[in-house]
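Trainee: Handing over model_25.cif, mmCIF, C-alpha atoms (C1' of nucleotides).
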data_upload
loop_
_atom_site.group_PDB
_atom_site.id
_atom_site.type_symbol
_atom_site.label_atom_id
_atom_site.label_comp_id
_atom_site.auth_asym_id
_atom_site.auth_seq_id
_atom_site.Cartn_x
_atom_site.Cartn_y
_atom_site.Cartn_z
ATOM 1 C CA MET A 3 0.000 0.000 0.000
ATOM 2 C CA GLY A 4 2.753 2.440 0.926
ATOM 3 C CA ILE A 5 5.930 3.602 -0.819
ATOM 4 C CA ASP A 6 8.624 0.947 -1.207
ATOM 5 C CA ARG A 7 12.060 2.506 -1.747
ATOM 6 C CA SER A 8 13.519 -0.865 -2.702
ATOM 7 C CA ASP A 9 10.958 -1.227 -5.499
ATOM 8 C CA MET A 10 12.293 -0.609 -9.000
ATOM 9 C CA LEU A 11 9.199 1.475 -9.809
ATOM 10 C CA PRO A 12 9.896 5.199 -9.259
ATOM 11 C CA VAL A 13 8.506 6.799 -6.118
ATOM 12 C CA TYR A 14 6.291 9.240 -8.020
ATOM 13 C CA LEU A 15 4.639 6.414 -9.990
ATOM 14 C CA GLN A 16 4.065 4.393 -6.829
ATOM 15 C CA LEU A 17 2.502 7.458 -5.203
ATOM 16 C CA ALA A 18 0.378 8.105 -8.302
ATOM 17 C CA SER A 19 -0.935 4.539 -8.124
ATOM 18 C CA VAL A 20 -1.814 4.916 -4.442
ATOM 19 C CA LEU A 21 -3.678 8.189 -5.044
ATOM 20 C CA ARG A 22 -5.385 6.790 -8.159
ATOM 21 C CA GLN A 23 -6.669 3.802 -6.232
ATOM 22 C CA GLN A 24 -7.913 6.085 -3.452
ATOM 23 C CA ILE A 25 -9.793 8.127 -6.037
ATOM 24 C CA THR A 26 -11.320 5.197 -7.913
ATOM 25 C CA ALA A 27 -12.186 3.501 -4.622
ATOM 26 C CA GLY A 28 -14.091 6.574 -3.528
ATOM 27 C CA VAL A 29 -11.849 7.557 -0.608
ATOM 28 C CA HIS A 30 -11.857 10.969 -2.261
ATOM 29 C CA ARG A 31 -15.127 11.884 -4.008
ATOM 30 C CA PRO A 32 -15.465 13.826 -7.300
ATOM 31 C CA GLY A 33 -15.457 17.536 -6.573
ATOM 32 C CA ALA A 34 -13.604 17.056 -3.290
ATOM 33 C CA ALA A 35 -10.104 18.349 -2.665
ATOM 34 C CA LEU A 36 -7.016 16.253 -2.051
ATOM 35 C CA PRO A 37 -4.703 17.049 0.872
ATOM 36 C CA SER A 38 -2.056 19.702 0.251
ATOM 37 C CA GLU A 39 1.161 18.711 -1.519
ATOM 38 C CA ASP A 40 3.191 19.103 1.680
ATOM 39 C CA GLY A 41 0.592 17.053 3.538
ATOM 40 C CA ILE A 42 0.729 14.227 0.995
ATOM 41 C CA GLY A 43 4.517 14.325 1.145
ATOM 42 C CA ARG A 44 4.579 14.085 4.935
ATOM 43 C CA VAL A 45 2.064 11.232 4.999
ATOM 44 C CA HIS A 46 4.019 9.141 2.499
ATOM 45 C CA GLY A 47 7.488 10.287 3.444
ATOM 46 C CA VAL A 48 8.477 11.718 0.050
ATOM 47 C CA GLY A 49 9.654 15.109 -1.151
ATOM 48 C CA ARG A 50 7.405 17.712 -2.723
ATOM 49 C CA MET A 51 8.998 17.087 -6.118
ATOM 50 C CA SER A 52 7.780 13.491 -6.139
ATOM 51 C CA VAL A 53 4.318 14.560 -4.988
ATOM 52 C CA ARG A 54 4.081 17.107 -7.786
ATOM 53 C CA ARG A 55 5.199 14.564 -10.378
ATOM 54 C CA ALA A 56 2.564 12.123 -9.112
ATOM 55 C CA LEU A 57 -0.108 14.827 -9.401
ATOM 56 C CA ASP A 58 1.182 15.592 -12.921
ATOM 57 C CA VAL A 59 0.515 11.968 -13.863
ATOM 58 C CA LEU A 60 -3.034 12.083 -12.500
ATOM 59 C CA ARG A 61 -3.736 15.453 -14.125
ATOM 60 C CA HIS A 62 -2.628 14.170 -17.531
ATOM 61 C CA GLU A 63 -4.847 11.121 -17.019
ATOM 62 C CA GLY A 64 -7.794 13.486 -16.583
ATOM 63 C CA LEU A 65 -8.451 12.419 -12.995
ATOM 64 C CA ILE A 66 -7.780 15.731 -11.246
ATOM 65 C CA THR A 67 -7.609 19.445 -11.942
ATOM 66 C CA THR A 68 -5.209 21.838 -10.251
ATOM 67 C CA GLU A 69 -5.222 25.579 -9.720
ATOM 68 C CA ARG A 70 -2.647 27.833 -8.174
ATOM 69 C CA GLY A 71 -3.321 28.527 -4.529
ATOM 70 C CA ARG A 72 -5.780 25.673 -3.930
ATOM 71 C CA PRO A 73 -5.327 21.941 -3.461
ATOM 72 C CA ALA A 74 -5.990 19.515 -6.319
ATOM 73 C CA VAL A 75 -9.640 18.606 -6.947
ATOM 74 C CA ILE A 76 -11.083 15.297 -8.172
ATOM 75 C CA ARG A 77 -12.562 15.903 -11.603
ATOM 76 C CA THR A 78 -16.302 15.392 -12.094
ATOM 77 C CA HIS A 79 -17.475 13.698 -15.284
ATOM 78 C CA PRO A 80 -20.152 15.723 -17.108
ATOM 79 C CA GLU A 81 -22.681 14.244 -19.523
ATOM 80 C CA ARG A 82 -21.398 13.629 -23.024
ATOM 81 C CA THR A 83 -23.100 14.723 -26.241
ATOM 82 C CA PHE A 84 -22.671 12.275 -29.120
ATOM 83 C CA VAL A 85 -21.854 13.499 -32.619
ATOM 84 C CA GLU A 86 -23.148 11.442 -35.529
ATOM 85 C CA LEU A 87 -20.697 9.955 -38.019
ATOM 86 C CA ALA A 88 -21.771 9.036 -41.547
ATOM 87 C CA GLY A 89 -19.931 6.344 -43.477
ATOM 88 C CA VAL A 90 -17.525 8.688 -45.196
ATOM 89 C CA ASP A 91 -16.876 10.877 -42.155
ATOM 90 C CA ARG A 92 -13.605 10.234 -40.338
ATOM 91 C CA LEU A 93 -12.905 10.794 -36.639
ATOM 92 C CA VAL A 94 -9.438 11.003 -35.109
ATOM 93 C CA ALA A 95 -8.479 11.768 -31.517
ATOM 94 C CA ARG A 96 -5.267 13.428 -30.413
ATOM 95 C CA MET A 97 -3.960 15.657 -27.666
ATOM 96 C CA PRO A 98 -4.274 19.383 -28.365
ATOM 97 C CA THR A 99 -1.190 21.579 -28.188
ATOM 98 C CA HIS A 100 -0.950 23.751 -25.099
ATOM 99 C CA GLU A 101 -1.883 26.776 -27.175
ATOM 100 C CA GLN A 102 -4.900 25.039 -28.734
ATOM 101 C CA ALA A 103 -6.022 23.938 -25.290
ATOM 102 C CA ARG A 104 -5.751 27.499 -24.000
ATOM 103 C CA HIS A 105 -7.630 28.868 -27.004
ATOM 104 C CA MET A 106 -10.422 26.285 -26.893
ATOM 105 C CA ARG A 107 -10.462 26.227 -23.062
ATOM 106 C CA ILE A 108 -9.719 22.496 -22.967
ATOM 107 C CA GLN A 109 -8.391 21.261 -19.641
ATOM 108 C CA VAL A 110 -5.161 19.310 -19.252
ATOM 109 C CA GLY A 111 -5.649 15.589 -19.835
ATOM 110 C CA VAL A 112 -8.601 15.980 -22.223
ATOM 111 C CA PRO A 113 -8.150 14.707 -25.812
ATOM 112 C CA LEU A 114 -9.379 16.615 -28.857
ATOM 113 C CA LEU A 115 -11.828 14.988 -31.270
ATOM 114 C CA GLU A 116 -11.420 15.920 -34.929
ATOM 115 C CA VAL A 117 -14.340 15.045 -37.210
ATOM 116 C CA HIS A 118 -13.448 15.240 -40.885
ATOM 117 C CA ARG A 119 -16.744 15.449 -42.768
ATOM 118 C CA ALA A 120 -17.299 14.117 -46.280
ATOM 119 C CA ASP A 121 -17.531 17.668 -47.648
ATOM 120 C CA GLY A 122 -14.014 18.408 -46.388
ATOM 121 C CA SER A 123 -15.054 20.485 -43.380
ATOM 122 C CA LEU A 124 -13.413 19.948 -40.001
ATOM 123 C CA GLU A 125 -15.148 20.022 -36.619
ATOM 124 C CA THR A 126 -13.321 19.862 -33.277
ATOM 125 C CA TYR A 127 -14.721 18.833 -29.904
ATOM 126 C CA PRO A 128 -13.291 18.395 -26.405
ATOM 127 C CA ALA A 129 -13.470 14.686 -25.586
ATOM 128 C CA ASP A 130 -14.719 15.184 -22.021
ATOM 129 C CA LEU A 131 -17.955 16.751 -23.297
ATOM 130 C CA PHE A 132 -18.401 14.911 -26.609
ATOM 131 C CA GLY A 133 -18.308 11.411 -28.031
ATOM 132 C CA ALA A 134 -19.336 9.901 -31.360
ATOM 133 C CA CYS A 135 -21.896 7.452 -32.705
ATOM 134 C CA GLY A 136 -22.870 6.086 -36.111
ATOM 135 C CA THR A 137 -25.869 7.247 -38.109
ATOM 136 C CA PRO A 138 -29.053 5.379 -37.130
ATOM 137 C CA ARG A 139 -30.604 3.313 -39.933
ATOM 138 C CA THR A 140 -33.940 4.847 -40.938
ATOM 139 C CA MET B 13 11.699 33.922 -31.346
ATOM 140 C CA GLY B 14 13.854 33.637 -28.226
ATOM 141 C CA ILE B 15 13.116 33.446 -24.517
ATOM 142 C CA ASP B 16 11.834 36.655 -22.932
ATOM 143 C CA ARG B 17 12.422 36.658 -19.164
ATOM 144 C CA SER B 18 10.196 39.737 -18.765
ATOM 145 C CA ASP B 19 7.294 37.878 -20.378
ATOM 146 C CA MET B 20 4.609 36.674 -17.975
ATOM 147 C CA LEU B 21 4.547 33.293 -19.761
ATOM 148 C CA PRO B 22 6.777 30.744 -17.995
ATOM 149 C CA VAL B 23 10.121 29.977 -19.573
ATOM 150 C CA TYR B 24 9.304 26.316 -20.161
ATOM 151 C CA LEU B 25 6.110 27.185 -22.073
ATOM 152 C CA GLN B 26 7.950 29.748 -24.174
ATOM 153 C CA LEU B 27 10.607 27.156 -24.949
ATOM 154 C CA ALA B 28 7.941 24.542 -25.747
ATOM 155 C CA SER B 29 6.372 26.963 -28.245
ATOM 156 C CA VAL B 30 9.721 27.614 -29.920
ATOM 157 C CA LEU B 31 10.500 23.909 -30.252
ATOM 158 C CA ARG B 32 6.930 23.133 -31.414
ATOM 159 C CA GLN B 33 7.177 25.724 -34.168
ATOM 160 C CA GLN B 34 10.550 24.332 -35.224
ATOM 161 C CA ILE B 35 8.999 20.861 -35.432
ATOM 162 C CA THR B 36 5.853 21.885 -37.326
ATOM 163 C CA ALA B 37 7.918 24.104 -39.629
ATOM 164 C CA GLY B 38 10.107 21.150 -40.530
ATOM 165 C CA VAL B 39 13.356 22.436 -38.999
ATOM 166 C CA HIS B 40 13.427 19.029 -37.325
ATOM 167 C CA ARG B 41 11.960 16.199 -39.404
ATOM 168 C CA PRO B 42 9.905 13.241 -38.086
ATOM 169 C CA GLY B 43 12.243 10.488 -36.929
ATOM 170 C CA ALA B 44 15.109 12.923 -36.379
ATOM 171 C CA ALA B 45 16.577 13.652 -32.971
ATOM 172 C CA LEU B 46 16.469 16.972 -31.149
ATOM 173 C CA PRO B 47 19.652 18.405 -29.612
ATOM 174 C CA SER B 48 20.522 17.154 -26.134
ATOM 175 C CA GLU B 49 18.833 18.723 -23.117
ATOM 176 C CA ASP B 50 22.040 20.475 -22.067
ATOM 177 C CA GLY B 51 22.516 21.686 -25.630
ATOM 178 C CA ILE B 52 19.009 23.128 -25.824
ATOM 179 C CA GLY B 53 19.549 24.785 -22.444
ATOM 180 C CA ARG B 54 22.813 26.404 -23.556
ATOM 181 C CA VAL B 55 21.331 27.659 -26.828
ATOM 182 C CA HIS B 56 18.367 29.315 -25.142
ATOM 183 C CA GLY B 57 20.048 30.259 -21.889
ATOM 184 C CA VAL B 58 17.782 28.283 -19.560
ATOM 185 C CA GLY B 59 18.335 25.590 -16.949
ATOM 186 C CA ARG B 60 17.936 21.907 -17.640
ATOM 187 C CA MET B 61 14.800 21.801 -15.460
ATOM 188 C CA SER B 62 13.028 24.211 -17.813
ATOM 189 C CA VAL B 63 14.204 22.232 -20.837
ATOM 190 C CA ARG B 64 12.840 19.011 -19.359
ATOM 191 C CA ARG B 65 9.489 20.646 -18.559
ATOM 192 C CA ALA B 66 9.265 21.932 -22.129
ATOM 193 C CA LEU B 67 9.975 18.437 -23.468
ATOM 194 C CA ASP B 68 7.318 17.092 -21.073
ATOM 195 C CA VAL B 69 4.790 19.402 -22.711
ATOM 196 C CA LEU B 70 5.708 18.248 -26.208
ATOM 197 C CA ARG B 71 5.719 14.583 -25.184
ATOM 198 C CA HIS B 72 2.214 14.887 -23.722
ATOM 199 C CA GLU B 73 1.079 16.570 -26.938
ATOM 200 C CA GLY B 74 2.249 13.498 -28.819
ATOM 201 C CA LEU B 75 4.907 15.398 -30.775
ATOM 202 C CA ILE B 76 8.018 13.638 -29.467
ATOM 203 C CA THR B 77 9.101 10.438 -27.765
ATOM 204 C CA THR B 78 11.898 10.202 -25.234
ATOM 205 C CA GLU B 79 14.066 7.338 -24.091
ATOM 206 C CA ARG B 80 16.706 7.154 -21.393
ATOM 207 C CA GLY B 81 20.177 7.680 -22.768
ATOM 208 C CA ARG B 82 19.202 9.150 -26.150
ATOM 209 C CA PRO B 83 17.964 12.573 -27.214
ATOM 210 C CA ALA B 84 14.273 13.189 -27.870
ATOM 211 C CA VAL B 85 12.949 12.067 -31.275
ATOM 212 C CA ILE B 86 10.232 13.665 -33.418
ATOM 213 C CA ARG B 87 7.322 11.236 -33.569
ATOM 214 C CA THR B 88 6.308 9.813 -36.932
ATOM 215 C CA HIS B 89 2.624 9.501 -37.746
ATOM 216 C CA PRO B 90 1.689 5.977 -38.902
ATOM 217 C CA GLU B 91 -1.338 5.159 -41.023
ATOM 218 C CA ARG B 92 -4.630 4.947 -39.144
ATOM 219 C CA THR B 93 -7.134 2.110 -39.384
ATOM 220 C CA PHE B 94 -10.751 3.232 -39.114
ATOM 221 C CA VAL B 95 -13.252 1.321 -36.987
ATOM 222 C CA GLU B 96 -16.898 1.345 -38.097
ATOM 223 C CA LEU B 97 -19.562 2.739 -35.764
ATOM 224 C CA ALA B 98 -23.206 1.702 -36.097
ATOM 225 C CA GLY B 99 -25.979 3.993 -34.927
ATOM 226 C CA VAL B 100 -26.237 2.542 -31.444
ATOM 227 C CA ASP B 101 -22.485 2.187 -30.913
ATOM 228 C CA ARG B 102 -20.863 4.847 -28.750
ATOM 229 C CA LEU B 103 -17.266 6.055 -28.926
ATOM 230 C CA VAL B 104 -15.519 8.008 -26.191
ATOM 231 C CA ALA B 105 -11.896 9.139 -26.026
ATOM 232 C CA ARG B 106 -9.901 9.623 -22.858
ATOM 233 C CA MET B 107 -6.345 9.393 -21.629
ATOM 234 C CA PRO B 108 -5.333 5.957 -20.350
ATOM 235 C CA THR B 109 -3.936 5.601 -16.870
ATOM 236 C CA HIS B 110 -0.188 5.070 -16.704
ATOM 237 C CA GLU B 111 -0.756 1.414 -15.864
ATOM 238 C CA GLN B 112 -3.189 0.924 -18.768
ATOM 239 C CA ALA B 113 -0.711 2.589 -21.100
ATOM 240 C CA ARG B 114 2.068 0.282 -19.930
ATOM 241 C CA HIS B 115 -0.122 -2.772 -20.265
ATOM 242 C CA MET B 116 -1.441 -1.876 -23.730
ATOM 243 C CA ARG B 117 1.931 -0.434 -24.830
ATOM 244 C CA ILE B 118 0.403 2.971 -25.538
ATOM 245 C CA GLN B 119 2.936 5.785 -25.719
ATOM 246 C CA VAL B 120 2.715 8.963 -23.653
ATOM 247 C CA GLY B 121 0.469 11.570 -25.273
ATOM 248 C CA VAL B 122 -1.735 9.065 -27.112
ATOM 249 C CA PRO B 123 -5.467 8.983 -26.203
ATOM 250 C CA LEU B 124 -7.422 5.752 -25.778
ATOM 251 C CA LEU B 125 -10.517 5.093 -27.906
ATOM 252 C CA GLU B 126 -13.321 3.179 -26.196
ATOM 253 C CA VAL B 127 -15.995 1.743 -28.493
ATOM 254 C CA HIS B 128 -19.100 0.638 -26.615
ATOM 255 C CA ARG B 129 -20.984 -1.701 -28.961
ATOM 256 C CA ALA B 130 -24.728 -2.152 -28.987
ATOM 257 C CA ASP B 131 -24.370 -5.646 -27.501
ATOM 258 C CA GLY B 132 -22.619 -4.206 -24.452
ATOM 259 C CA SER B 133 -19.101 -5.261 -25.437
ATOM 260 C CA LEU B 134 -16.205 -2.843 -25.107
ATOM 261 C CA GLU B 135 -13.314 -2.446 -27.548
ATOM 262 C CA THR B 136 -10.248 -0.276 -26.887
ATOM 263 C CA TYR B 137 -7.824 1.167 -29.429
ATOM 264 C CA PRO B 138 -4.780 3.459 -29.266
ATOM 265 C CA ALA B 139 -5.729 6.704 -31.008
ATOM 266 C CA ASP B 140 -2.458 7.046 -32.907
ATOM 267 C CA LEU B 141 -3.171 3.843 -34.865
ATOM 268 C CA PHE B 142 -6.976 3.931 -35.029
ATOM 269 C CA GLY B 143 -9.813 6.311 -35.849
ATOM 270 C CA ALA B 144 -13.533 5.846 -36.406
ATOM 271 C CA CYS B 145 -16.054 6.195 -39.201
ATOM 272 C CA GLY B 146 -19.795 5.610 -39.632
ATOM 273 C CA THR B 147 -21.315 2.605 -41.326
ATOM 274 C CA PRO B 148 -21.585 3.030 -45.109
ATOM 275 C CA ARG B 149 -25.133 2.978 -46.472
ATOM 276 C CA THR B 150 -25.663 -0.163 -48.522
ATOM 277 C "C1'" DT C 8 -9.654 47.424 3.107
ATOM 278 C "C1'" DA C 9 -5.271 45.555 4.439
ATOM 279 C "C1'" DC C 10 -2.561 41.990 6.409
ATOM 280 C "C1'" DT C 11 -1.179 37.250 7.161
ATOM 281 C "C1'" DA C 12 -0.840 32.391 6.502
ATOM 282 C "C1'" DT C 13 -1.448 28.654 3.372
ATOM 283 C "C1'" DT C 14 -0.906 26.569 -1.048
ATOM 284 C "C1'" DT C 15 0.393 25.889 -5.643
ATOM 285 C "C1'" DG C 16 3.575 27.365 -9.664
ATOM 286 C "C1'" DT C 17 8.196 28.333 -11.439
ATOM 287 C "C1'" DT C 18 13.183 28.000 -11.453
ATOM 288 C "C1'" DC C 19 17.356 27.095 -9.901
ATOM 289 C "C1'" DG C 20 20.998 23.726 -7.950
ATOM 290 C "C1'" DT C 21 22.991 19.076 -6.694
ATOM 291 C "C1'" DA C 22 23.526 14.239 -6.568
ATOM 292 C "C1'" DT C 23 22.838 9.537 -8.050
ATOM 293 C "C1'" DG C 24 21.374 5.916 -11.104
ATOM 294 C "C1'" DT C 25 20.955 3.845 -15.669
ATOM 295 C "C1'" DA C 26 20.937 3.334 -20.613
ATOM 296 C "C1'" DT C 27 23.287 4.450 -24.900
ATOM 297 C "C1'" DA C 28 27.145 5.020 -27.990
ATOM 298 C "C1'" DG D 4 35.794 1.130 -19.990
ATOM 299 C "C1'" DT D 5 34.693 5.850 -20.849
ATOM 300 C "C1'" DA D 6 31.921 9.614 -22.092
ATOM 301 C "C1'" DT D 7 27.415 11.307 -23.132
ATOM 302 C "C1'" DA D 8 22.610 11.735 -22.082
ATOM 303 C "C1'" DC D 9 18.295 11.008 -19.958
ATOM 304 C "C1'" DA D 10 15.565 9.644 -15.411
ATOM 305 C "C1'" DT D 11 14.864 10.087 -10.599
ATOM 306 C "C1'" DA D 12 14.931 12.534 -6.272
ATOM 307 C "C1'" DC D 13 16.332 15.531 -2.817
ATOM 308 C "C1'" DG D 14 16.456 20.634 -1.275
ATOM 309 C "C1'" DA D 15 15.809 25.735 -1.649
ATOM 310 C "C1'" DA D 16 14.001 30.200 -2.891
ATOM 311 C "C1'" DC D 17 10.743 33.187 -4.776
ATOM 312 C "C1'" DA D 18 6.289 34.453 -7.196
ATOM 313 C "C1'" DA D 19 1.384 34.368 -7.397
ATOM 314 C "C1'" DA D 20 -3.254 33.053 -6.087
ATOM 315 C "C1'" DT D 21 -6.368 31.873 -2.335
ATOM 316 C "C1'" DA D 22 -8.680 32.192 2.042
ATOM 317 C "C1'" DG D 23 -9.479 33.853 6.467
ATOM 318 C "C1'" DT D 24 -8.750 37.608 10.013
#
Would you kindly transcribe this structure into structure tokens?
Mentor:
Amino acid sequence: MGIDRSDMLPVYLQLASVLRQQITAGVHRPGAALPSEDGIGRVHGVGRMSVRRALDVLRHEGLITTERGRPAVIRTHPERTFVELAGVDRLVARMPTHEQARHMRIQVGVPLLEVHRADGSLETYPADLFGACGTPRT
Amino acid sequence: MGIDRSDMLPVYLQLASVLRQQITAGVHRPGAALPSEDGIGRVHGVGRMSVRRALDVLRHEGLITTERGRPAVIRTHPERTFVELAGVDRLVARMPTHEQARHMRIQVGVPLLEVHRADGSLETYPADLFGACGTPRT
DNA sequence: TACTATTTGTTCGTATGTATA
DNA sequence: GTATACATACGAACAAATAGT
């Protein structure tokens, strides 16, 4: 359960696994705040650097959000809207660049959906709010 | 073009933008290696910590891959296979956990595609090798 | 309003380990 | 075996945002 210094796995990945399990197990609920970085470090006996790297992992997995001045918060999962794909339409998913994310107000750890329509047009959606489905047969 | 210490934007994000533009502009080609971290730091007059954080940004955007002992490499974009979606099928994209990525051999910065079929089955695909399309009308 | 304490964000330095060439 | 280069992990200092007094 705790941090094993003799383990080959890096400390920050071990800590990330511990925190991830706590989150998925419901020890921390969506919308709730995690303990402070110093607090987490004291509890597990690791430096702040390792705590921050562990939180980086969880943030890039889309599990938490962080803001300056306040502890990390478990991300809540909003309802998704599903975009219809016709047979010729093509959907690809990739991570947005930092500048695209800033411009489109996409949070860290959220993929970008690109829908290339048959007419050549391109639509982009944040993957935490949108998904895709096929066209229903009429 | 260079790093502006008076700019509000953090050094590592400025450096990430510079390197990203060099990559997209073709200064560095896909498959080619970037200069070493120390080299990049000397050229732009920043510490190795800032260089590593900039490379972290680019790695999580899916632009580069890094391996211990060798300089960062511009990622090449392989051909995508497109999975068909029927009307009732649902596709969502999210980032895999670090453990899922290890298990499925998904590289950093690559989203995971989850296809929830009408029969309740779940298929998962790495988003750098797979996309989605609708069912063609017969 | 203003001040203070807490907390996260950025940047530096140093040391050690490990993989590559 | 040596040199280069990336990965991990510690500490330290300061900036900036938050929250409570």
Trainee: Taking only C-alpha atoms into account and nothing else, which residues of chain A lie no more than 8 Å away from chain B? Please answer as a PyMOL selection string.
Mentor: chain A and resi 59-60+62-64+84+86-100+111-113+115+129-130+132-139
Trainee: Residue by residue, what does the PyMOL selection byres ((chain D and resi 4-17) around 12) grab here? Present the result as a compact mmCIF listing (two decimals) with C-alpha atoms (C1' of nucleotides), in the coordinates of the input.
Mentor:
# COMPACT_ATOMS: atom_id res chain seq x y z
CA ARG A 7 12.06 2.51 -1.75
CA MET A 10 12.29 -0.61 -9.00
CA LEU A 11 9.20 1.48 -9.81
CA PRO A 12 9.90 5.20 -9.26
CA VAL A 13 8.51 6.80 -6.12
CA TYR A 14 6.29 9.24 -8.02
CA LEU A 15 4.64 6.41 -9.99
CA VAL A 48 8.48 11.72 0.05
CA GLY A 49 9.65 15.11 -1.15
CA ARG A 50 7.40 17.71 -2.72
CA MET A 51 9.00 17.09 -6.12
CA SER A 52 7.78 13.49 -6.14
CA VAL A 53 4.32 14.56 -4.99
CA ARG A 54 4.08 17.11 -7.79
CA ARG A 55 5.20 14.56 -10.38
CA PRO B 47 19.65 18.40 -29.61
CA SER B 48 20.52 17.15 -26.13
CA GLU B 49 18.83 18.72 -23.12
CA ASP B 50 22.04 20.48 -22.07
CA GLY B 51 22.52 21.69 -25.63
CA ARG B 60 17.94 21.91 -17.64
CA VAL B 63 14.20 22.23 -20.84
CA ARG B 64 12.84 19.01 -19.36
CA LEU B 67 9.98 18.44 -23.47
CA THR B 78 11.90 10.20 -25.23
CA GLU B 79 14.07 7.34 -24.09
CA ARG B 80 16.71 7.15 -21.39
CA GLY B 81 20.18 7.68 -22.77
CA ARG B 82 19.20 9.15 -26.15
CA PRO B 83 17.96 12.57 -27.21
CA ALA B 84 14.27 13.19 -27.87
C1' DG C 16 3.58 27.36 -9.66
C1' DT C 17 8.20 28.33 -11.44
C1' DT C 18 13.18 28.00 -11.45
C1' DC C 19 17.36 27.10 -9.90
C1' DG C 20 21.00 23.73 -7.95
C1' DT C 21 22.99 19.08 -6.69
C1' DA C 22 23.53 14.24 -6.57
C1' DT C 23 22.84 9.54 -8.05
C1' DG C 24 21.37 5.92 -11.10
C1' DT C 25 20.96 3.84 -15.67
C1' DA C 26 20.94 3.33 -20.61
C1' DT C 27 23.29 4.45 -24.90
C1' DA C 28 27.14 5.02 -27.99
C1' DA D 18 6.29 34.45 -7.20
C1' DA D 19 1.38 34.37 -7.40
Trainee: Around all of range 40-51 of chain A's listed atoms, make the axis-aligned box with 6 Å on each side and tell me centre and edge lengths in Å to one decimal, as lines of an AutoDock Vina configuration file.
Mentor:
center_x = 5.1
center_y = 14.1
center_z = -0.6
size_x = 21.1
size_y = 22.0
size_z = 23.1
Trainee: What is the CA of Ser8 in chain A to CA of Ile25 in chain A distance in Å?
Mentor: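 That distance, rounded to one decimal, is 25.2 Å.
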Trainee: For CA of Gly14 in chain B and C1' of DA20 in chain D, quote the distance in Å rounded to one decimal.
Mentor: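 It comes out at 28.0 Å.
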Trainee: For CA of Glu125 in chain A and CA of Gly38 in chain B, determine how far apart the two atoms are, in Å to one decimal place.
Mentor: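 Distance reported for this atom pair: 25.6 Å.
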Trainee: Go through the shown structure with the PyMOL selection byres ((chain D and resi 22) around 12) and write out the matching residues as JSON, numbers by chain.
Mentor: {"A": [71, 72], "C": [11, 12, 13, 14], "D": [20, 21, 23, 24]}
